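Asks: Next up, my_file24.txt (compact mmCIF, C-alpha atoms and all ligand atoms).
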# COMPACT_ATOMS: atom_id res chain seq x y z
CA MET W 174 -10.30 19.95 61.99
CA ASN W 175 -7.49 17.46 62.05
CA ILE W 176 -4.44 19.32 63.40
CA LEU W 177 -2.06 17.38 61.11
CA ASP W 178 -4.00 18.51 58.05
CA VAL W 179 -3.82 22.11 59.20
CA SER W 180 -0.06 22.11 59.72
CA ARG W 181 0.64 20.29 56.45
CA ILE W 182 -1.40 22.95 54.64
CA LEU W 183 0.22 25.90 56.39
CA ASP W 184 3.74 24.47 55.87
CA TYR W 185 3.30 23.83 52.13
CA THR W 186 5.47 26.00 49.86
CA VAL W 187 3.51 27.78 47.16
CA ASP W 188 5.27 28.44 43.86
CA GLU W 189 3.82 31.74 42.60
CA LYS W 190 5.85 31.59 39.41
CA LEU W 191 4.51 28.16 38.52
CA LEU W 192 0.93 29.33 39.09
CA GLU W 193 1.59 32.35 36.88
CA THR W 194 2.99 30.13 34.09
CA TYR W 195 -0.06 27.85 34.17
CA PHE W 196 -2.42 30.81 34.24
CA GLU W 197 -0.95 31.87 30.89
CA LYS W 198 -1.09 28.29 29.53
CA MET W 199 -4.74 28.10 30.58
CA LEU W 200 -5.59 31.33 28.73
CA ALA W 201 -3.72 30.09 25.65
CA SER W 202 -5.78 26.88 25.68
CA ILE W 203 -9.09 28.79 25.92
CA ASP W 204 -7.94 31.09 23.12
CA LYS W 205 -7.13 28.13 20.83
CA ASN W 206 -10.46 26.46 21.58
CA MET W 207 -12.52 29.55 20.74
CA ASP W 208 -12.58 28.34 17.12
CA VAL W 209 -13.49 24.78 18.06
CA PHE W 210 -16.47 25.37 20.35
CA ILE W 211 -18.68 27.81 18.48
CA GLU W 212 -21.84 25.92 17.50
CA LYS W 213 -20.92 22.82 19.49
CA TYR W 214 -19.65 22.39 23.02
CA PRO W 215 -17.34 20.19 25.08
CA HIS W 216 -18.78 17.60 27.49
CA VAL W 217 -16.49 14.72 28.55
CA SER W 218 -13.31 14.03 26.57
CA THR W 219 -12.09 10.92 24.79
CA GLY W 220 -8.33 10.60 25.19
CA ASN W 221 -8.40 14.06 26.84
CA LYS W 222 -9.77 15.63 23.62
CA TYR W 223 -13.37 16.76 23.33
CA VAL W 224 -15.70 15.77 20.52
CA PRO W 225 -17.83 18.94 20.23
CA LYS W 226 -21.51 18.21 20.92
CA ASP W 227 -24.82 19.92 20.18
CA ASN W 228 -26.29 22.22 22.83
CA LYS W 229 -28.34 19.62 24.65
CA ASP W 230 -26.36 18.41 27.64
CA TRP W 231 -26.10 19.84 31.18
CA THR W 232 -22.53 20.83 30.38
CA SER W 233 -22.98 23.02 27.30
CA SER W 234 -22.32 26.31 29.13
CA PHE W 235 -18.98 25.51 30.73
CA PHE W 236 -16.71 26.48 27.85
CA VAL W 237 -18.81 29.61 27.33
CA GLY W 238 -18.24 30.48 31.00
CA MET W 239 -14.49 29.89 30.58
CA ALA W 240 -14.36 32.32 27.67
CA TYR W 241 -16.25 34.91 29.72
CA LEU W 242 -13.88 34.46 32.67
CA ALA W 243 -10.95 34.89 30.27
CA PHE W 244 -12.52 38.07 28.95
CA HIS W 245 -12.99 39.42 32.46
CA ALA W 246 -9.38 38.57 33.35
CA THR W 247 -7.80 40.06 30.21
CA LYS W 248 -10.37 42.52 28.82
CA ASP W 249 -9.41 41.05 25.44
CA ASP W 250 -12.41 41.12 23.07
CA ARG W 251 -11.23 37.94 21.37
CA PHE W 252 -12.87 36.02 24.21
CA LEU W 253 -16.23 37.66 23.51
CA ARG W 254 -16.27 37.05 19.79
CA ASN W 255 -18.65 34.06 19.87
CA SER W 256 -21.10 35.60 22.32
CA GLU W 257 -23.84 36.38 19.77
CA VAL W 258 -23.78 32.82 18.39
CA TRP W 259 -23.79 31.36 21.89
CA LEU W 260 -26.64 33.58 23.06
CA LYS W 261 -28.71 32.57 20.04
CA SER W 262 -27.96 28.92 20.69
CA PHE W 263 -29.00 29.09 24.38
CA ASN W 264 -32.08 31.12 23.51
CA ASN W 265 -33.06 28.51 20.94
CA ARG W 266 -32.51 25.74 23.47
CA LEU W 267 -34.88 27.44 25.90
CA GLU W 268 -37.53 28.23 23.26
CA ASN W 269 -37.53 24.63 22.10
CA ASN W 270 -37.11 23.01 25.52
CA ILE W 271 -34.07 20.99 24.45
CA GLY W 272 -32.81 18.81 27.31
CA LEU W 273 -34.25 21.11 29.98
CA ASP W 274 -36.40 18.69 31.97
CA ASN W 275 -33.96 18.98 34.85
CA HIS W 276 -32.56 21.48 37.35
CA ASP W 277 -29.35 22.06 35.38
CA ILE W 278 -31.03 25.10 33.84
CA GLY W 279 -29.08 26.97 36.55
CA PHE W 280 -25.64 25.83 35.35
CA LEU W 281 -26.65 26.43 31.74
CA TYR W 282 -28.13 29.90 31.95
CA THR W 283 -25.94 31.36 34.71
CA LEU W 284 -22.78 30.85 32.68
CA SER W 285 -24.21 31.53 29.21
CA CYS W 286 -26.53 34.46 29.97
CA VAL W 287 -26.15 35.90 33.49
CA ALA W 288 -22.37 36.06 32.96
CA LEU W 289 -22.80 37.83 29.61
CA TYR W 290 -25.28 40.24 31.17
CA LYS W 291 -22.88 41.02 34.02
CA LEU W 292 -20.05 41.63 31.55
CA THR W 293 -21.86 43.56 28.81
CA ASP W 294 -25.29 44.62 30.10
CA SER W 295 -26.85 42.63 27.24
CA GLU W 296 -30.63 43.04 27.57
CA LYS W 297 -31.22 39.93 25.48
CA ALA W 298 -29.01 37.84 27.76
CA LYS W 299 -30.88 39.21 30.79
CA MET W 300 -34.32 38.39 29.35
CA THR W 301 -33.24 34.88 28.33
CA ALA W 302 -31.86 34.23 31.83
CA ILE W 303 -35.10 35.44 33.46
CA LYS W 304 -37.10 33.08 31.23
CA ALA W 305 -34.73 30.28 32.26
CA ALA W 306 -35.35 31.14 35.93
CA ASP W 307 -39.10 30.87 35.26
CA ARG W 308 -38.56 27.41 33.88
CA LEU W 309 -36.45 26.42 36.87
CA ILE W 310 -39.10 27.48 39.41
CA SER W 311 -41.71 25.49 37.47
CA ARG W 312 -39.92 22.45 38.94
CA TYR W 313 -40.71 23.52 42.50
CA ASN W 314 -42.77 21.14 44.64
CA LYS W 315 -44.66 23.28 47.17
CA ARG W 316 -45.61 20.47 49.55
CA GLY W 317 -42.08 19.10 49.81
CA LYS W 318 -40.43 22.53 49.48
CA PHE W 319 -37.87 21.37 46.91
CA ILE W 320 -36.85 21.74 43.26
CA GLN W 321 -37.08 18.38 41.50
CA ALA W 322 -33.71 17.41 40.03
CA TRP W 323 -34.51 15.09 37.18
CA GLY W 324 -37.35 14.08 34.87
CA SER W 325 -40.52 15.81 33.84
CA ILE W 326 -42.90 17.15 36.47
CA GLY W 327 -45.51 14.51 37.14
CA VAL W 328 -43.16 11.53 37.39
CA ARG W 329 -43.92 9.50 40.50
CA TYR W 330 -42.14 7.75 43.34
CA PRO W 331 -39.35 6.49 43.27
CA ASN W 332 -38.16 8.90 40.58
CA VAL W 333 -38.49 12.19 42.40
CA LYS W 334 -35.21 13.35 43.93
CA ILE W 335 -33.22 16.36 44.96
CA ILE W 336 -29.45 16.27 44.58
CA ILE W 337 -26.66 18.25 46.20
CA ASP W 338 -25.48 19.57 42.79
CA CYS W 339 -28.68 21.69 42.70
CA MET W 340 -27.16 24.12 45.21
CA MET W 341 -25.17 25.51 42.25
CA ASN W 342 -28.39 26.06 40.27
CA LEU W 343 -29.95 28.34 42.90
CA PRO W 344 -27.93 31.51 42.11
CA LEU W 345 -29.93 31.89 38.86
CA LEU W 346 -32.99 32.38 41.08
CA TYR W 347 -31.33 34.76 43.56
CA TRP W 348 -30.11 36.80 40.57
CA ALA W 349 -33.60 36.81 38.99
CA THR W 350 -35.00 38.37 42.19
CA GLU W 351 -32.27 41.02 42.11
CA VAL W 352 -33.03 42.09 38.53
CA THR W 353 -36.84 41.75 38.58
CA GLY W 354 -37.68 42.63 42.20
CA ASP W 355 -39.90 39.53 42.32
CA GLU W 356 -39.13 37.82 45.66
CA ASN W 357 -40.64 34.52 44.56
CA TYR W 358 -37.45 33.31 42.83
CA ALA W 359 -35.23 33.89 45.89
CA GLU W 360 -37.87 32.51 48.23
CA ILE W 361 -37.94 29.23 46.30
CA ALA W 362 -34.14 29.10 46.21
CA LYS W 363 -33.85 29.68 49.95
CA THR W 364 -36.56 27.15 50.76
CA HIS W 365 -34.86 24.52 48.58
CA ALA W 366 -31.55 25.25 50.35
CA ILE W 367 -33.20 24.75 53.75
CA THR W 368 -34.75 21.46 52.60
CA SER W 369 -31.32 20.37 51.32
CA SER W 370 -29.74 21.28 54.67
CA GLN W 371 -32.31 19.09 56.48
CA THR W 372 -31.97 16.07 54.19
CA LEU W 373 -28.81 15.91 52.06
CA VAL W 374 -26.41 17.20 54.71
CA ARG W 375 -25.53 14.63 57.35
CA GLU W 376 -24.74 15.28 61.01
CA ASP W 377 -20.97 15.39 60.33
CA ALA W 378 -21.44 17.76 57.33
CA SER W 379 -20.70 15.06 54.77
CA VAL W 380 -23.43 14.78 52.13
CA TYR W 381 -25.71 12.34 50.41
CA HIS W 382 -25.69 12.79 46.67
CA THR W 383 -29.46 12.33 46.36
CA TYR W 384 -32.58 12.39 48.53
CA MET W 385 -35.82 10.78 47.45
CA PHE W 386 -39.21 12.44 48.01
CA ASP W 387 -42.83 11.46 47.63
CA PRO W 388 -44.04 14.11 45.17
CA ILE W 389 -47.68 13.85 46.30
CA SER W 390 -47.32 14.23 50.07
CA GLY W 391 -43.96 16.01 49.82
CA ARG W 392 -42.50 13.61 52.40
CA ALA W 393 -38.71 13.15 52.45
CA ILE W 394 -38.00 9.42 52.17
CA GLU W 395 -34.30 8.52 52.11
CA GLY W 396 -30.80 9.53 51.13
CA GLY W 397 -28.86 7.72 48.43
CA THR W 398 -26.42 8.14 45.60
CA HIS W 399 -26.36 8.21 41.83
CA GLN W 400 -22.67 8.67 41.05
CA GLY W 401 -21.02 7.83 44.37
CA LYS W 402 -19.68 4.47 45.59
CA TYR W 403 -22.61 3.56 47.81
CA ASP W 404 -25.57 5.30 49.43
CA GLU W 405 -23.86 6.10 52.72
CA SER W 406 -20.49 7.04 51.22
CA THR W 407 -19.48 10.59 50.29
CA TRP W 408 -19.14 11.26 46.58
CA ALA W 409 -16.21 13.68 46.31
CA ARG W 410 -17.81 15.99 43.75
CA GLY W 411 -21.00 16.12 45.80
CA GLN W 412 -19.02 17.34 48.82
CA ALA W 413 -17.43 20.04 46.62
CA TRP W 414 -20.85 21.10 45.27
CA CYS W 415 -21.99 21.39 48.88
CA VAL W 416 -19.10 23.64 49.94
CA TYR W 417 -19.53 26.04 47.03
CA GLY W 418 -23.33 25.80 46.85
CA PHE W 419 -24.03 26.63 50.50
CA THR W 420 -21.47 29.45 50.32
CA LEU W 421 -23.48 30.96 47.46
CA SER W 422 -26.80 30.63 49.29
CA TYR W 423 -25.15 32.36 52.26
CA ILE W 424 -23.95 35.23 50.07
CA TYR W 425 -27.47 35.91 48.80
CA THR W 426 -29.48 35.29 51.99
CA LYS W 427 -26.98 35.99 54.80
CA ASP W 428 -28.63 33.07 56.65
CA PRO W 429 -26.01 31.83 59.20
CA LEU W 430 -27.30 28.26 58.79
CA PHE W 431 -25.89 28.21 55.25
CA LEU W 432 -22.52 29.64 56.32
CA ASP W 433 -22.27 27.06 59.09
CA ILE W 434 -22.89 24.23 56.61
CA ALA W 435 -20.44 25.70 54.11
CA ILE W 436 -17.71 25.89 56.78
CA ARG W 437 -18.29 22.45 58.27
CA SER W 438 -18.56 20.78 54.86
CA ALA W 439 -15.36 22.55 53.78
CA GLU W 440 -13.57 21.20 56.86
CA TYR W 441 -14.86 17.72 56.06
CA TYR W 442 -13.61 18.15 52.48
CA ILE W 443 -10.17 19.20 53.74
CA ASP W 444 -9.99 16.45 56.38
CA ASN W 445 -10.45 13.88 53.61
CA LEU W 446 -7.80 15.19 51.21
CA PRO W 447 -5.26 12.61 50.06
CA LYS W 448 -1.50 13.22 49.83
CA ASP W 449 -1.58 15.19 46.57
CA TYR W 450 -4.67 17.24 47.52
CA VAL W 451 -6.73 15.85 44.62
CA HIS W 452 -9.57 13.69 45.90
CA TYR W 453 -10.31 10.16 44.87
CA TRP W 454 -13.76 10.04 43.26
CA ASP W 455 -15.35 9.02 46.55
CA PHE W 456 -14.19 9.53 50.14
CA ALA W 457 -14.67 5.80 50.76
CA VAL W 458 -11.54 5.35 48.61
CA SER W 459 -8.14 6.06 50.14
CA GLU W 460 -4.41 5.61 49.57
CA LEU W 461 -4.73 2.22 51.28
CA ALA W 462 -6.73 0.91 48.32
CA PRO W 463 -6.51 3.65 45.69
CA GLU W 464 -8.97 4.02 42.82
CA MET W 465 -9.56 6.82 40.29
CA LYS W 466 -9.14 10.49 41.12
CA ASP W 467 -11.64 13.22 40.30
CA SER W 468 -9.74 16.34 39.30
CA SER W 469 -13.10 18.07 38.73
CA ALA W 470 -14.00 17.66 42.42
CA ALA W 471 -10.65 19.28 43.19
CA SER W 472 -11.23 22.32 40.99
CA ILE W 473 -14.80 22.85 42.29
CA GLY W 474 -13.46 22.54 45.84
CA ALA W 475 -10.71 25.09 45.15
CA ALA W 476 -13.17 27.62 43.72
CA GLY W 477 -15.57 27.06 46.61
CA LEU W 478 -12.87 27.41 49.28
CA LEU W 479 -11.62 30.66 47.73
CA GLU W 480 -15.13 32.11 47.72
CA LEU W 481 -15.89 30.88 51.23
CA SER W 482 -12.63 32.35 52.58
CA LYS W 483 -14.13 35.85 52.08
CA TYR W 484 -16.84 35.23 54.71
CA VAL W 485 -15.07 33.46 57.59
CA ASP W 486 -12.79 34.42 60.48
CA GLU W 487 -9.15 35.27 59.74
CA GLU W 488 -7.71 31.92 60.76
CA ARG W 489 -10.12 29.93 58.61
CA ALA W 490 -9.75 32.40 55.75
CA ARG W 491 -5.98 31.82 55.72
CA LEU W 492 -6.45 28.04 55.84
CA PHE W 493 -9.13 27.84 53.12
CA ASP W 494 -7.24 30.21 50.85
CA LYS W 495 -3.98 28.33 51.29
CA CYS W 496 -5.65 24.95 50.79
CA ALA W 497 -7.27 26.14 47.55
CA THR W 498 -3.92 27.49 46.34
CA ILE W 499 -2.25 24.16 47.02
CA ILE W 500 -4.99 22.24 45.20
CA LEU W 501 -4.47 24.50 42.18
CA GLN W 502 -0.70 24.08 42.28
CA GLU W 503 -1.07 20.30 42.46
CA LEU W 504 -3.56 20.34 39.57
CA CYS W 505 -1.11 22.41 37.50
CA GLN W 506 1.83 20.14 38.30
CA GLY W 507 0.16 16.77 38.07
CA TYR W 508 -3.03 17.03 36.02
CA PHE W 509 -2.71 19.87 33.48
CA ILE W 510 -2.96 18.72 29.84
CA ASP W 511 -0.02 20.55 28.31
CA THR W 512 -0.48 20.61 24.55
CA ASN W 513 -0.31 23.07 21.68
CA ASP W 514 -3.18 21.36 19.84
CA SER W 515 -6.75 22.60 20.03
CA GLY W 516 -9.83 20.72 21.26
CA TYR W 517 -8.16 19.34 24.36
CA GLY W 518 -9.35 19.72 27.94
CA LEU W 519 -7.39 21.49 30.65
CA LEU W 520 -7.35 18.79 33.33
CA ARG W 521 -6.86 15.05 33.01
CA GLU W 522 -8.24 12.43 35.43
CA GLY W 523 -11.74 13.77 35.92
CA PHE W 524 -14.38 11.28 36.98
CA TYR W 525 -17.93 11.43 35.64
CA SER W 526 -19.27 8.02 36.65
CA LEU W 527 -18.07 4.45 36.72
CA LYS W 528 -18.74 4.38 32.96
CA LYS W 529 -16.66 7.47 32.17
CA TYR W 530 -13.52 8.46 34.06
CA ASP W 531 -9.85 9.31 33.64
CA GLU W 532 -10.79 12.02 31.13
CA ALA W 533 -11.13 15.78 30.97
CA MET W 534 -14.52 17.02 32.20
CA SER W 535 -15.83 20.35 30.88
CA TRP W 536 -17.04 21.43 34.35
CA GLY W 537 -13.68 20.51 35.90
CA ASP W 538 -12.01 22.77 33.34
CA TYR W 539 -14.48 25.58 34.07
CA PHE W 540 -13.98 25.55 37.85
CA PHE W 541 -10.21 25.30 37.42
CA VAL W 542 -10.34 28.50 35.35
CA GLU W 543 -12.68 30.16 37.84
CA ALA W 544 -10.43 29.27 40.78
CA MET W 545 -7.25 30.37 38.95
CA CYS W 546 -8.92 33.70 38.10
CA LYS W 547 -10.07 34.19 41.71
CA LEU W 548 -6.56 33.51 42.97
CA LYS W 549 -4.87 35.79 40.47
CA ASN W 550 -7.19 38.74 40.79
CA LYS W 551 -8.59 38.86 44.29
CA GLU W 552 -9.51 42.55 44.09
CA ASN W 553 -11.43 42.24 40.86
CA ASP W 554 -13.27 38.93 41.25
CA LEU W 555 -16.58 38.89 39.37
CA LEU W 556 -18.96 36.22 40.62
CA PHE W 557 -21.01 34.84 37.72
CA TRP W 558 -23.05 32.69 40.16
N1 LIG W 601 -24.03 17.75 38.13
C1 LIG W 601 -23.67 16.51 37.58
C2 LIG W 601 -22.36 16.02 38.05
O1 LIG W 601 -21.71 16.65 38.88
O2 LIG W 601 -21.95 14.97 37.57
Can I see the file as structure tokens?
Replies:
Amino acid sequence: MNILDVSRILDYTVDEKLLETYFEKMLASIDKNMDVFIEKYPHVSTGNKYVPKDNKDWTSSFFVGMAYLAFHATKDDRFLRNSEVWLKSFNNRLENNIGLDNHDIGFLYTLSCVALYKLTDSEKAKMTAIKAADRLISRYNKRGKFIQAWGSIGVRYPNVKIIIDCMMNLPLLYWATEVTGDENYAEIAKTHAITSSQTLVREDASVYHTYMFDPISGRAIEGGTHQGKYDESTWARGQAWCVYGFTLSYIYTKDPLFLDIAIRSAEYYIDNLPKDYVHYWDFAVSELAPEMKDSSAASIGAAGLLELSKYVDEERARLFDKCATIILQELCQGYFIDTNDSGYGLLREGFYSLKKYDEAMSWGDYFFVEAMCKLKNKENDLLFW
């Protein structure tokens, strides 16, 4: 790691009081939005305010997950009051296969159903999540040893890809093995993680966003990008997905390969932090020629670093924990959308793609809440993933 980065992180003064104030503001925002996002869900904002959307996008579970984190943090039933409606909505989506021809089933059903099961023991939530895991493994390509990211099964070259984001979808499968005893789910998850480590992760632990495969032979063809600046650049959110995703695969498998990737990709993430600790949307962008930020990459990175800090040596643990705390403080000070109105996001300046940026992103809000909860309540952290 760059020695200058390390000392600037260790010398930074954390303002506990400020973090406490924003924790309360964050809860107040979730509380206000409980009446806005009942049948419809936030995706990407317009003018920092969300237009609630039907349950059909990859993002529909993030507000649900925020409410469940708020419930876990406060034990206040107000945050559970929509859970029946949400469960019905996610069950209906699965039954009718609405927008599920992709790997994002993991994001959707981990936060809507596994989280609810972990909090309340809901049998219905558990059964729905297991069915979702079944659908996710139906996307597994045995020859290539990967879970296909996008499109229906049967699409051909050049449309068959894996993407780094998928590492966050694997916990649904590890969890399904835990509750059913069927090893097949975890085996597929682990095999996909190994394939990702051999293709998406570069020598220096930076990542490709995508990797193309031939679905017939299973042959890995080439790395590329979908939302990054160019194929060989490092899309900031992809690097954050890598840090958190490989940490999660390590937690479930204890395979040291995954921990090694999580650590090295975290160090790469930290080495590329700009002055205010909130990444530009791609690491190819710097202060020399600044472009848009991605606050969502920052919040995912903070959550990932906090989780990873539990599994590394003391020195790294201190560094990762402190770096995550600084990212959160900078997000609170410079990016938090401070309003008393409902329907607004938590963080401004998220970046979705070159067509949609400088807005609140529902996943950025979710991981901000997750990281703030992890920081506040280290003893009582409940991992939904
Ligand atoms: N998983 C989609 C994205 O990060 O934009």
Asks: What does the list of residues within 9 Å of ligand LIG 601 (chain W) look like if you count all atoms listed in the file, written as a VMD selection string?
Replies: chain W and resid 231 to 232 277 280 336 to 339 341 400 410 to 411 414 469 to 470 524 to 526 536
Asks: Hey, which of W:Leu492, W:Leu556, W:Ala359, W:Leu548 ends up closest to Glu193 (chain W)? Count all atoms listed in the file.
Replies: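 Between W:Leu492, W:Leu556, W:Ala359, W:Leu548, the residue approaching Glu193 (chain W) most closely is W:Leu548.
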Asks: Suppose you want the space between CA of Asn342 (chain W) and CA of Thr398 (chain W); what is it in Å?
Replies: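 Between CA of Asn342 (chain W) and CA of Thr398 (chain W) the gap works out to 18.8 Å.
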Asks: List every protein, DNA or RNA residue that has at least one atom no more than 12 Å from (-7.4, 40.7, 46.8) in the file's coordinates, counting all atoms listed in the file, and write the result as number ranges by chain.
Replies: W: 479-480, 482-483, 494, 546-555
Asks: Please, which residues are within 8 Å of (-20.6, 24.1, 43.9) by the file's coordinates, counting all atoms listed in the file, and could they come as a PDB file with C-alpha atoms, in the frame of the given file?
Replies:
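Writing done, so here's result_33.pdb:
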ATOM      1  CA  ASP W 338     -25.480  19.570  42.790  1.00  0.00           C
ATOM      2  CA  MET W 340     -27.160  24.120  45.210  1.00  0.00           C
ATOM      3  CA  MET W 341     -25.170  25.510  42.250  1.00  0.00           C
ATOM      4  CA  ALA W 413     -17.430  20.040  46.620  1.00  0.00           C
ATOM      5  CA  TRP W 414     -20.850  21.100  45.270  1.00  0.00           C
ATOM      6  CA  CYS W 415     -21.990  21.390  48.880  1.00  0.00           C
ATOM      7  CA  VAL W 416     -19.100  23.640  49.940  1.00  0.00           C
ATOM      8  CA  TYR W 417     -19.530  26.040  47.030  1.00  0.00           C
ATOM      9  CA  GLY W 418     -23.330  25.800  46.850  1.00  0.00           C
ATOM     10  CA  PHE W 419     -24.030  26.630  50.500  1.00  0.00           C
ATOM     11  CA  ILE W 473     -14.800  22.850  42.290  1.00  0.00           C
ATOM     12  CA  GLY W 474     -13.460  22.540  45.840  1.00  0.00           C
ATOM     13  CA  GLY W 477     -15.570  27.060  46.610  1.00  0.00           C
TER      14      GLY W 477
END
Asks: Find, counting only C-alpha atoms, the residue in W:Leu461, W:Cys496, W:Leu191, W:Met199 that gets nearest to Leu520 (chain W).
Replies: W:Met199
Asks: Which residues, written as an MDAnalysis selection string, have at least one atom at most 9 Å from Gly238 (chain W), with only C-alpha atoms counted and residues fewer than 5 positions away on the same chain left out?
Replies: chainID W and resid 243 283:285 288:289 539 543 557
Asks: Between CA of Ser233 (chain W) and CA of Phe509 (chain W), what is the distance, to one decimal in Å?
Replies: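 Between CA of Ser233 (chain W) and CA of Phe509 (chain W) the gap is 21.4 Å.
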Asks: Between CA of Arg521 (chain W) and CA of Ala533 (chain W), what is the distance in Å, rounded to a tenth?
Replies: 4.8 Å
Asks: Find the residues near Arg266 (chain W): any atom within 9 Å, counting all atoms listed in the file, skip ones fewer than 5 places away on the same chain, and give them as a ChimeraX atom specification.
Replies: /W:228-229,261,271-273
